[in-house]
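Peer 1: As input, take coords.cif (mmCIF, C-alpha atoms):
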```cif
data_structure
#
loop_
_atom_site.label_atom_id
_atom_site.label_comp_id
_atom_site.auth_asym_id
_atom_site.auth_seq_id
_atom_site.Cartn_x
_atom_site.Cartn_y
_atom_site.Cartn_z
CA MET Q 16 -31.74 27.76 -13.04
CA SER Q 17 -33.75 24.72 -13.92
CA ASP Q 18 -34.44 21.85 -11.60
CA THR Q 19 -32.29 19.51 -13.68
CA ASP Q 20 -29.28 21.84 -13.38
CA GLU Q 21 -29.70 21.95 -9.63
CA GLN Q 22 -29.78 18.16 -9.46
CA ARG Q 23 -26.73 17.87 -11.63
CA ARG Q 24 -24.81 20.28 -9.42
CA GLN Q 25 -25.82 18.36 -6.36
CA PHE Q 26 -24.67 15.13 -7.98
CA LEU Q 27 -21.28 16.58 -8.86
CA LYS Q 28 -20.81 17.89 -5.32
CA THR Q 29 -21.52 14.51 -3.76
CA SER Q 30 -19.28 12.70 -6.25
CA VAL Q 31 -16.36 15.00 -5.49
CA GLY Q 32 -16.94 14.48 -1.77
CA ALA Q 33 -17.02 10.69 -2.18
CA ALA Q 34 -13.88 10.72 -4.31
CA ALA Q 35 -12.06 12.77 -1.67
CA VAL Q 36 -13.07 10.28 1.03
CA ALA Q 37 -11.87 7.39 -1.16
CA ILE Q 38 -8.50 8.98 -1.98
CA ALA Q 39 -7.73 10.41 1.48
CA PRO Q 40 -6.40 7.17 3.06
CA GLY Q 41 -4.11 6.70 0.05
CA MET Q 42 -2.77 10.23 0.43
CA LEU Q 43 -2.25 9.56 4.12
CA MET Q 44 -0.25 6.40 3.34
CA PHE Q 45 1.80 8.38 0.85
CA ASP Q 46 2.59 10.97 3.50
CA MET Q 47 3.57 8.34 6.04
CA ALA Q 48 5.84 6.66 3.49
CA HIS Q 49 7.92 9.83 3.60
CA GLY Q 50 9.15 8.70 7.03
CA ASP Q 51 11.45 6.36 5.09
CA THR Q 52 14.93 7.54 4.31
CA GLU Q 53 16.11 7.72 0.71
CA PRO Q 54 17.85 4.70 -0.83
CA VAL Q 55 21.64 4.96 -0.69
CA SER Q 56 23.21 6.25 -3.89
CA SER Q 57 26.50 5.74 -5.69
CA LYS Q 58 27.17 9.49 -5.43
CA VAL Q 59 28.62 8.57 -2.06
CA ARG Q 60 31.45 6.13 -1.52
CA TRP Q 61 32.20 5.55 2.11
CA GLY Q 62 35.80 4.94 3.01
CA MET Q 63 38.43 5.42 5.67
CA LEU Q 64 41.98 6.60 6.04
CA ILE Q 65 43.76 4.92 8.95
CA ASP Q 66 46.91 6.51 10.32
CA THR Q 67 48.93 3.69 11.87
CA ALA Q 68 51.38 5.98 13.71
CA ASN Q 69 49.69 5.63 17.10
CA CYS Q 70 48.36 2.08 16.90
CA ALA Q 71 51.14 0.35 18.83
CA ASP Q 72 49.67 0.17 22.33
CA CYS Q 73 46.01 0.69 21.63
CA ASP Q 74 43.09 -1.56 20.76
CA LYS Q 75 40.22 0.78 21.55
CA CYS Q 76 38.82 0.52 18.01
CA VAL Q 77 38.57 -3.27 18.27
CA LYS Q 78 36.86 -3.03 21.66
CA ALA Q 79 34.42 -0.41 20.38
CA CYS Q 80 33.62 -2.60 17.36
CA ASN Q 81 32.91 -5.60 19.59
CA LYS Q 82 30.67 -3.53 21.85
CA GLU Q 83 28.74 -1.84 19.05
CA ASN Q 84 28.09 -5.08 17.20
CA GLY Q 85 27.58 -7.38 20.17
CA LEU Q 86 30.63 -9.57 19.50
CA SER Q 87 32.10 -11.64 22.33
CA GLY Q 88 35.65 -10.40 21.80
CA GLY Q 89 36.96 -13.95 22.15
CA LEU Q 90 39.96 -15.03 20.08
CA SER Q 91 39.29 -18.74 19.58
CA PRO Q 92 39.05 -20.01 15.97
CA THR Q 93 35.26 -20.08 16.18
CA ASP Q 94 34.81 -16.58 17.61
CA SER Q 95 33.77 -13.82 15.23
CA GLN Q 96 36.31 -11.07 14.69
CA TRP Q 97 35.14 -8.17 12.56
CA MET Q 98 38.18 -6.09 13.32
CA ARG Q 99 41.56 -7.30 14.55
CA LYS Q 100 44.87 -5.75 15.36
CA VAL Q 101 47.68 -7.00 13.16
CA GLU Q 102 51.28 -6.58 14.25
CA LEU Q 103 53.99 -6.59 11.61
CA LYS Q 104 57.76 -6.73 11.86
CA ASP Q 105 60.24 -6.22 9.07
CA MET Q 106 62.83 -8.92 9.82
CA ARG Q 107 65.55 -7.12 7.89
CA THR Q 108 65.26 -3.73 9.58
CA GLY Q 109 63.46 -4.66 12.77
CA ARG Q 110 60.80 -1.98 12.17
CA GLN Q 111 57.58 -2.83 13.97
CA LEU Q 112 54.12 -1.74 13.01
CA ALA Q 113 50.58 -2.35 14.21
CA LEU Q 114 47.34 -1.66 12.39
CA PRO Q 115 43.66 -2.49 12.61
CA MET Q 116 42.53 -4.87 9.85
CA MET Q 117 38.95 -5.47 8.80
CA CYS Q 118 36.81 -5.68 5.67
CA GLN Q 119 38.43 -3.30 3.18
CA HIS Q 120 35.10 -2.58 1.41
CA CYS Q 121 36.57 -3.16 -2.04
CA ALA Q 122 35.08 -1.57 -5.14
CA GLU Q 123 35.62 -4.95 -6.86
CA PRO Q 124 34.96 -7.33 -3.97
CA PRO Q 125 36.02 -10.96 -4.59
CA CYS Q 126 33.57 -12.12 -1.91
CA VAL Q 127 30.70 -10.81 -4.03
CA ASP Q 128 32.07 -12.49 -7.16
CA VAL Q 129 32.10 -15.94 -5.59
CA CYS Q 130 28.84 -15.82 -3.63
CA PRO Q 131 26.47 -18.41 -5.13
CA THR Q 132 23.26 -16.91 -3.69
CA GLY Q 133 23.77 -13.15 -3.98
CA ALA Q 134 23.96 -12.85 -0.20
CA SER Q 135 27.33 -11.14 -0.38
CA PHE Q 136 26.76 -7.80 -2.05
CA LYS Q 137 28.02 -4.26 -2.35
CA ARG Q 138 25.66 -1.45 -1.52
CA ALA Q 139 25.46 1.51 -3.89
CA ASP Q 140 27.49 3.60 -1.42
CA GLY Q 141 30.36 1.09 -1.46
CA ILE Q 142 29.70 -0.76 1.79
CA VAL Q 143 30.16 -4.53 1.34
CA LEU Q 144 27.61 -6.54 3.32
CA VAL Q 145 26.17 -10.01 3.79
CA ASP Q 146 22.41 -10.36 3.46
CA LYS Q 147 22.04 -13.07 6.07
CA HIS Q 148 18.53 -13.84 4.85
CA LEU Q 149 20.16 -15.21 1.70
CA CYS Q 150 23.42 -16.59 3.15
CA ILE Q 151 23.60 -20.39 3.14
CA GLY Q 152 26.87 -20.53 5.08
CA CYS Q 153 29.00 -22.04 2.30
CA ARG Q 154 31.95 -19.81 3.25
CA TYR Q 155 33.24 -19.33 -0.30
CA CYS Q 156 33.53 -15.62 0.48
CA MET Q 157 35.78 -16.36 3.44
CA MET Q 158 38.12 -18.25 1.14
CA ALA Q 159 38.00 -15.55 -1.52
CA CYS Q 160 38.76 -12.64 0.81
CA PRO Q 161 42.47 -11.78 0.72
CA TYR Q 162 42.17 -9.89 4.03
CA LYS Q 163 40.71 -12.74 6.11
CA ALA Q 164 38.03 -10.26 7.07
CA ARG Q 165 35.04 -12.55 7.36
CA SER Q 166 33.89 -14.81 10.18
CA PHE Q 167 31.42 -17.66 10.31
CA VAL Q 168 29.00 -17.99 13.20
CA HIS Q 169 29.38 -21.53 14.52
CA GLU Q 170 27.18 -21.50 17.61
CA PRO Q 171 23.64 -20.34 18.31
CA LEU Q 172 23.63 -16.75 19.59
CA HIS Q 173 21.44 -15.03 22.13
CA ASP Q 174 20.80 -11.40 23.04
CA GLN Q 175 21.96 -9.88 19.78
CA LYS Q 176 21.84 -6.11 19.42
CA PRO Q 177 18.49 -4.98 17.93
CA ASP Q 178 20.32 -3.04 15.20
CA VAL Q 179 22.87 -5.78 14.46
CA PRO Q 180 21.15 -9.10 13.77
CA ARG Q 181 23.61 -12.03 13.79
CA GLY Q 182 22.92 -15.73 13.63
CA LYS Q 183 24.33 -19.22 13.46
CA GLY Q 184 25.15 -20.59 10.01
CA THR Q 185 25.85 -17.27 8.33
CA VAL Q 186 29.01 -15.37 7.43
CA GLU Q 187 29.55 -11.88 8.78
CA SER Q 188 32.12 -9.12 8.71
CA CYS Q 189 32.67 -5.43 9.31
CA THR Q 190 29.60 -3.53 8.06
CA MET Q 191 31.30 -0.16 8.44
CA CYS Q 192 28.66 0.20 11.18
CA VAL Q 193 25.98 0.57 8.53
CA GLN Q 194 23.31 1.02 11.21
CA ARG Q 195 25.16 4.11 12.43
CA VAL Q 196 26.17 5.45 9.01
CA ASP Q 197 22.55 5.35 7.82
CA LYS Q 198 21.67 7.57 10.78
CA GLY Q 199 24.40 10.05 9.89
CA LYS Q 200 26.84 8.89 12.57
CA ILE Q 201 30.40 7.65 12.04
CA PRO Q 202 31.49 4.03 12.64
CA ALA Q 203 32.15 2.99 16.23
CA CYS Q 204 35.89 2.42 15.64
CA ALA Q 205 36.37 5.90 14.18
CA GLU Q 206 34.47 7.43 17.08
CA ALA Q 207 36.45 5.46 19.68
CA CYS Q 208 39.94 6.19 18.34
CA PRO Q 209 41.63 8.42 20.95
CA ASN Q 210 44.06 9.83 18.36
CA LYS Q 211 41.42 10.45 15.70
CA SER Q 212 43.57 8.21 13.50
CA ILE Q 213 40.58 6.62 11.76
CA LEU Q 214 39.16 9.19 9.40
CA PHE Q 215 35.79 8.20 7.95
CA GLY Q 216 34.13 9.97 5.06
CA ASN Q 217 32.93 10.16 1.49
CA LEU Q 218 35.71 9.36 -0.99
CA ASN Q 219 33.59 10.64 -3.90
CA ASP Q 220 33.33 14.12 -2.44
CA PRO Q 221 36.57 16.01 -3.25
CA ASP Q 222 35.91 18.42 -0.37
CA SER Q 223 35.41 15.81 2.35
CA GLU Q 224 38.07 15.69 5.06
CA VAL Q 225 39.16 12.20 4.08
CA SER Q 226 39.51 13.10 0.37
CA ARG Q 227 41.55 16.19 1.18
CA LYS Q 228 43.89 14.20 3.42
CA ILE Q 229 44.32 11.42 0.86
CA ARG Q 230 45.36 14.09 -1.64
CA THR Q 231 48.05 15.47 0.65
CA VAL Q 232 49.58 12.50 2.52
CA ALA Q 233 51.02 9.24 1.21
CA SER Q 234 48.56 6.40 1.76
CA THR Q 235 48.39 2.85 0.50
CA GLN Q 236 45.84 0.16 -0.11
CA VAL Q 237 46.72 -3.24 1.35
CA ARG Q 238 47.43 -5.69 -1.49
CA ALA Q 239 46.93 -2.94 -4.06
CA ASP Q 240 48.41 -5.42 -6.58
CA LEU Q 241 45.09 -7.27 -6.59
CA GLY Q 242 43.38 -4.23 -8.08
CA LEU Q 243 40.38 -4.41 -5.76
CA ASP Q 244 40.29 -0.65 -5.11
CA THR Q 245 39.73 -0.86 -1.38
CA GLY Q 246 37.68 1.73 0.48
CA ILE Q 247 40.07 1.57 3.45
CA ARG Q 248 43.49 3.17 3.03
CA TYR Q 249 46.44 3.14 5.43
CA GLN Q 250 48.91 5.86 6.18
CA GLY Q 251 52.39 4.96 7.45
CA LEU Q 252 52.65 1.37 6.21
CA MET J 17 -33.17 1.44 1.54
CA LEU J 18 -31.06 3.45 3.99
CA LYS J 19 -31.94 1.02 6.77
CA LEU J 20 -30.87 -1.89 4.64
CA PHE J 21 -27.56 -0.21 3.89
CA ALA J 22 -26.93 0.53 7.58
CA LEU J 23 -27.69 -3.09 8.43
CA LEU J 24 -25.27 -4.29 5.76
CA ALA J 25 -22.56 -1.95 7.01
CA THR J 26 -22.97 -3.12 10.61
CA PHE J 27 -22.76 -6.72 9.45
CA LEU J 28 -19.57 -6.06 7.48
CA ILE J 29 -17.92 -4.37 10.43
CA CYS J 30 -18.89 -7.05 12.92
CA ALA J 31 -18.23 -10.09 10.74
CA PRO J 32 -14.41 -10.21 10.94
CA ALA J 33 -14.42 -9.66 14.70
CA GLY J 34 -17.00 -12.41 15.17
CA ALA J 35 -15.01 -14.81 13.01
CA THR J 36 -11.81 -14.44 15.04
CA GLU J 37 -13.57 -15.05 18.33
CA SER J 38 -15.31 -18.20 17.19
CA TYR J 39 -12.26 -20.27 16.24
CA GLY J 40 -10.66 -20.22 19.67
CA MET J 41 -7.78 -17.94 18.72
CA PRO J 42 -4.93 -17.94 21.25
CA LYS J 43 -5.09 -15.24 23.88
CA LEU J 44 -2.04 -13.09 23.31
CA ASP J 45 -0.02 -10.84 25.54
CA ILE J 46 0.07 -7.83 23.20
CA GLY J 47 2.49 -5.85 25.35
CA LYS J 48 2.02 -2.09 25.14
CA GLY J 49 -0.25 -2.59 22.12
CA GLY J 50 -2.01 0.59 21.13
CA HIS J 51 -2.59 1.83 17.63
CA CYS J 52 -0.94 -0.51 15.13
CA VAL J 53 0.55 0.74 11.83
CA ALA J 54 -2.27 -1.03 10.00
CA PRO J 55 -5.62 -2.60 10.97
CA THR J 56 -5.23 -5.77 13.06
CA GLU J 57 -7.08 -8.02 10.60
CA TRP J 58 -4.91 -6.81 7.74
CA MET J 59 -1.72 -7.27 9.74
CA ARG J 60 -2.68 -10.85 10.64
CA VAL J 61 -2.82 -11.73 6.96
CA ASN J 62 -0.08 -9.51 5.55
CA HIS J 63 2.61 -8.87 8.19
CA MET J 64 5.01 -11.36 6.63
CA LYS J 65 4.68 -9.73 3.20
CA VAL J 66 5.39 -6.20 4.39
CA LEU J 67 8.26 -7.36 6.59
CA PHE J 68 9.77 -9.27 3.66
CA LYS J 69 9.64 -6.17 1.45
CA GLN J 70 10.99 -3.92 4.19
CA ARG J 71 13.89 -6.23 5.02
CA HIS J 72 15.08 -6.21 1.41
CA GLU J 73 14.83 -2.45 1.11
CA THR J 74 16.66 -1.87 4.37
CA VAL J 75 19.49 -4.38 3.85
CA HIS J 76 20.16 -3.68 0.18
CA GLN J 77 19.17 -0.04 -0.27
CA GLY J 78 19.65 1.30 3.24
CA ILE J 79 16.09 2.62 3.51
CA ARG J 80 15.49 3.05 7.22
CA GLY J 81 12.59 4.37 9.22
CA SER J 82 9.89 2.30 7.52
CA LYS J 83 6.77 1.93 9.64
CA TYR J 84 6.81 -1.80 8.88
CA SER J 85 9.89 -2.97 10.73
CA LEU J 86 10.47 -5.96 12.95
CA LYS J 87 12.06 -3.68 15.54
CA ASN J 88 8.86 -1.60 15.62
CA CYS J 89 6.75 -4.75 16.09
CA VAL J 90 8.87 -5.80 19.04
CA GLU J 91 8.93 -2.29 20.51
CA CYS J 92 5.14 -2.22 20.95
CA HIS J 93 4.29 -5.88 21.29
CA ALA J 94 7.00 -7.31 23.54
CA SER J 95 5.42 -8.47 26.78
CA LEU J 96 5.58 -6.02 29.64
CA ARG J 97 6.56 -8.94 31.89
CA ASP J 98 9.70 -10.20 30.11
CA ASN J 99 10.15 -7.62 27.30
CA SER J 100 10.04 -10.40 24.69
CA VAL J 101 7.77 -11.43 21.81
CA ILE J 102 8.75 -15.10 22.09
CA GLY J 103 9.41 -17.65 24.79
CA ARG J 104 5.95 -18.19 26.29
CA PRO J 105 2.80 -19.80 24.85
CA ASP J 106 1.03 -16.42 24.98
CA SER J 107 3.95 -14.34 23.65
CA PHE J 108 2.84 -12.01 20.87
CA CYS J 109 4.66 -13.74 17.98
CA GLU J 110 5.00 -17.23 19.36
CA GLY J 111 1.37 -17.54 20.47
CA CYS J 112 -0.05 -17.31 16.97
CA HIS J 113 2.82 -19.11 15.29
CA ARG J 114 2.36 -22.11 17.58
CA TYR J 115 -1.38 -22.09 16.92
CA GLU J 116 -0.80 -21.96 13.16
CA ALA J 117 2.18 -24.38 13.33
CA VAL J 118 4.38 -21.99 11.35
CA LYS J 119 8.05 -21.99 12.25
CA ILE J 120 9.28 -18.56 13.21
CA ASP J 121 12.99 -18.13 12.56
CA CYS J 122 13.26 -14.32 12.66
CA PHE J 123 14.54 -14.39 16.21
CA GLU J 124 17.44 -16.77 15.61
CA CYS J 125 19.24 -13.64 14.40
CA HIS J 126 17.03 -10.68 15.33
CA SER J 127 16.59 -9.52 18.89
CA SER J 128 13.26 -10.53 20.40
CA LYS J 129 13.68 -8.00 23.19
CA ARG J 130 12.41 -4.45 23.34
CA SER J 131 15.36 -2.22 22.46
CA THR J 132 14.53 0.43 25.06
CA ALA J 133 14.62 -2.28 27.75
CA LEU J 134 18.00 -3.49 26.48
CA ALA J 135 19.35 0.07 26.52
CA GLN J 136 18.30 0.38 30.17
CA GLU J 137 20.07 -2.89 30.99
CA ASP J 138 23.23 -1.60 29.31
CA THR J 139 23.36 1.54 31.40
CA LYS J 140 22.91 -0.40 34.68
#
```
Give the structure from this file in structure tokens form.
Peer 2:
Amino acid sequence: MSDTDEQRRQFLKTSVGAAAVAIAPGMLMFDMAHGDTEPVSSKVRWGMLIDTANCADCDKCVKACNKENGLSGGLSPTDSQWMRKVELKDMRTGRQLALPMMCQHCAEPPCVDVCPTGASFKRADGIVLVDKHLCIGCRYCMMACPYKARSFVHEPLHDQKPDVPRGKGTVESCTMCVQRVDKGKIPACAEACPNKSILFGNLNDPDSEVSRKIRTVASTQVRADLGLDTGIRYQGL
Amino acid sequence: MLKLFALLATFLICAPAGATESYGMPKLDIGKGGHCVAPTEWMRVNHMKVLFKQRHETVHQGIRGSKYSLKNCVECHASLRDNSVIGRPDSFCEGCHRYEAVKIDCFECHSSKRSTALAQEDTK
């Protein structure tokens, strides 16, 4: 082998080495980026079926919601309520009924339609949220919501939960415990229900427990006449 | 030639460190500190950009577990005295933001406390 060949080989070796050193940190970053979870997809639609049969003397779901999300639990007009117990009475027959009411996570959410800044939005997996970074506190969404599901934060807050940021001047509502759902857990209300009456799952998966139950029992959407296609359904209304 | 290169390299490495010392930067309580997710100099310049990107991805697309997250910042850098990154002139976030006169409004909504410390309080 000639001297020139040897030199060329040496040059190639060093170049490859240098290239490897240059690329390695990039590869490392790429590997670390895999710590991120995948973006949510529309293959999933989260929803709930709530059986109202045992709701009469129980408010454990509301308490669990308040605890999970750091809400005060107060009932004054300026206190946030993400989930409330509604009691109904048919005046003609005297039949009484209680049910938990919260954001219905509509497929066609009116709160999203009216939001002037894009703060109110629906995630690909059907969860309706407020991006409080974008919310200007105009409260159009509160007026648009037929379920009275949203609250406005009137006072400065302290000691919020690290996973549930909340702040003065923004609108908020049930997030279907998005911080738990993203970790593969079920919402706090569903977990707390002593009768397992809140069934949480993927409405798009025909084999999920909630889909199978919806197929077999009679369930209704509240204000189905509005055509919002709510993610929350009630049994026994 | 090699000597010159070595000299240049040493200068490049030392220069940023020297620069930060000379302007009377605030002395910060860095909490647990340790190995940051990116070099300190880079984080000083770019932390707001990566946090901005991460917040959008997490809120709108549900991407969790990013190494750039405000919760992670607080977890390492909250003071060991009061478990907070704000509230004192030498607090990790507030120290620099006061020095630079940049309003910091993250913590009007986000928790400034170390989450493990809060979890301990809860169980008490």
Peer 1: What is the atom CA of Ala79 of chain Q-atom CA of Ser85 of chain J distance in Å, reported with one decimal?
Peer 2: 26.5 Å
Peer 1: Please report the interatomic distance between atom CA of Val237 of chain Q and atom CA of Gln119 of chain Q in Å with one decimal.
Peer 2: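 Straight-line distance from atom CA of Val237 of chain Q to atom CA of Gln119 of chain Q works out to 8.5 Å.
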Peer 1: Taking only C-alpha atoms into account, which residues of chain J are within 12 Å of chain Q, as a PDB file with C-alpha atoms, in the frame of the given file?
Peer 2:
```pdb
ATOM      1  CA  VAL J  53       0.550   0.740  11.830  1.00  0.00           C
ATOM      2  CA  ALA J  54      -2.270  -1.030  10.000  1.00  0.00           C
ATOM      3  CA  PHE J  68       9.770  -9.270   3.660  1.00  0.00           C
ATOM      4  CA  GLN J  70      10.990  -3.920   4.190  1.00  0.00           C
ATOM      5  CA  ARG J  71      13.890  -6.230   5.020  1.00  0.00           C
ATOM      6  CA  HIS J  72      15.080  -6.210   1.410  1.00  0.00           C
ATOM      7  CA  GLU J  73      14.830  -2.450   1.110  1.00  0.00           C
ATOM      8  CA  THR J  74      16.660  -1.870   4.370  1.00  0.00           C
ATOM      9  CA  VAL J  75      19.490  -4.380   3.850  1.00  0.00           C
ATOM     10  CA  HIS J  76      20.160  -3.680   0.180  1.00  0.00           C
ATOM     11  CA  GLN J  77      19.170  -0.040  -0.270  1.00  0.00           C
ATOM     12  CA  GLY J  78      19.650   1.300   3.240  1.00  0.00           C
ATOM     13  CA  ILE J  79      16.090   2.620   3.510  1.00  0.00           C
ATOM     14  CA  ARG J  80      15.490   3.050   7.220  1.00  0.00           C
ATOM     15  CA  GLY J  81      12.590   4.370   9.220  1.00  0.00           C
ATOM     16  CA  SER J  82       9.890   2.300   7.520  1.00  0.00           C
ATOM     17  CA  LYS J  83       6.770   1.930   9.640  1.00  0.00           C
ATOM     18  CA  TYR J  84       6.810  -1.800   8.880  1.00  0.00           C
ATOM     19  CA  SER J  85       9.890  -2.970  10.730  1.00  0.00           C
ATOM     20  CA  LEU J  86      10.470  -5.960  12.950  1.00  0.00           C
ATOM     21  CA  LYS J  87      12.060  -3.680  15.540  1.00  0.00           C
ATOM     22  CA  ASN J  88       8.860  -1.600  15.620  1.00  0.00           C
ATOM     23  CA  CYS J  89       6.750  -4.750  16.090  1.00  0.00           C
ATOM     24  CA  VAL J  90       8.870  -5.800  19.040  1.00  0.00           C
ATOM     25  CA  GLU J  91       8.930  -2.290  20.510  1.00  0.00           C
ATOM     26  CA  SER J 100      10.040 -10.400  24.690  1.00  0.00           C
ATOM     27  CA  ASP J 121      12.990 -18.130  12.560  1.00  0.00           C
ATOM     28  CA  CYS J 122      13.260 -14.320  12.660  1.00  0.00           C
ATOM     29  CA  PHE J 123      14.540 -14.390  16.210  1.00  0.00           C
ATOM     30  CA  GLU J 124      17.440 -16.770  15.610  1.00  0.00           C
ATOM     31  CA  CYS J 125      19.240 -13.640  14.400  1.00  0.00           C
ATOM     32  CA  HIS J 126      17.030 -10.680  15.330  1.00  0.00           C
ATOM     33  CA  SER J 127      16.590  -9.520  18.890  1.00  0.00           C
ATOM     34  CA  SER J 128      13.260 -10.530  20.400  1.00  0.00           C
ATOM     35  CA  LYS J 129      13.680  -8.000  23.190  1.00  0.00           C
ATOM     36  CA  ARG J 130      12.410  -4.450  23.340  1.00  0.00           C
ATOM     37  CA  SER J 131      15.360  -2.220  22.460  1.00  0.00           C
ATOM     38  CA  THR J 132      14.530   0.430  25.060  1.00  0.00           C
ATOM     39  CA  ALA J 133      14.620  -2.280  27.750  1.00  0.00           C
ATOM     40  CA  LEU J 134      18.000  -3.490  26.480  1.00  0.00           C
ATOM     41  CA  ALA J 135      19.350   0.070  26.520  1.00  0.00           C
ATOM     42  CA  GLU J 137      20.070  -2.890  30.990  1.00  0.00           C
ATOM     43  CA  ASP J 138      23.230  -1.600  29.310  1.00  0.00           C
TER      44      ASP J 138
END
```
Peer 1: If we count all atoms listed in the file, what is near segment 80-96 of chain Q at a cut-off of 9 Å, once residues fewer than 5 positions away on the same chain are taken out, given as a PyMOL selection string?
Peer 2: chain Q and resi 75+117+164-170+174-176+178-181+187-189+192+202-204+207
Peer 1: Any idea what the distance is between atom CA of Cys92 of chain J and atom CA of Lys48 of chain J?
Peer 2: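 Taking atom CA of Cys92 of chain J as the start and atom CA of Lys48 of chain J as the end point, the length is 5.2 Å.
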Peer 1: For Asp45 of chain J, please output as a ChimeraX atom specification all residues within 12 Å (counting only C-alpha atoms; exclusion window: fewer than 2 positions along the same chain).
Peer 2: /J:42-43,47-49,92-112
Peer 1: Suppose a student applies the PyMOL selection byres ((chain Q and resi 63) around 12) to this structure; what residues should they get, written as number ranges by chain?
Peer 2: Q: 60-62, 64-66, 115-121, 141-142, 191, 201-202, 204-205, 211-219, 223-226, 228-229, 234-236, 245-250
Peer 1: Would you mind telling me which residue in Q:Val143, Q:Pro125, Q:Asn210, Q:Thr231 lies nearest to Ala68 of chain Q when using only C-alpha atoms?
Peer 2: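 Residue with the minimum atom-to-atom distance to Ala68 of chain Q: Q:Asn210.
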Peer 1: Choose the residue, out of J:Glu57, J:Leu67, J:Asn62, J:Glu116, that has the smallest atom-to-atom separation from Met41 of chain J; count all atoms listed in the file.
Peer 2: J:Glu116
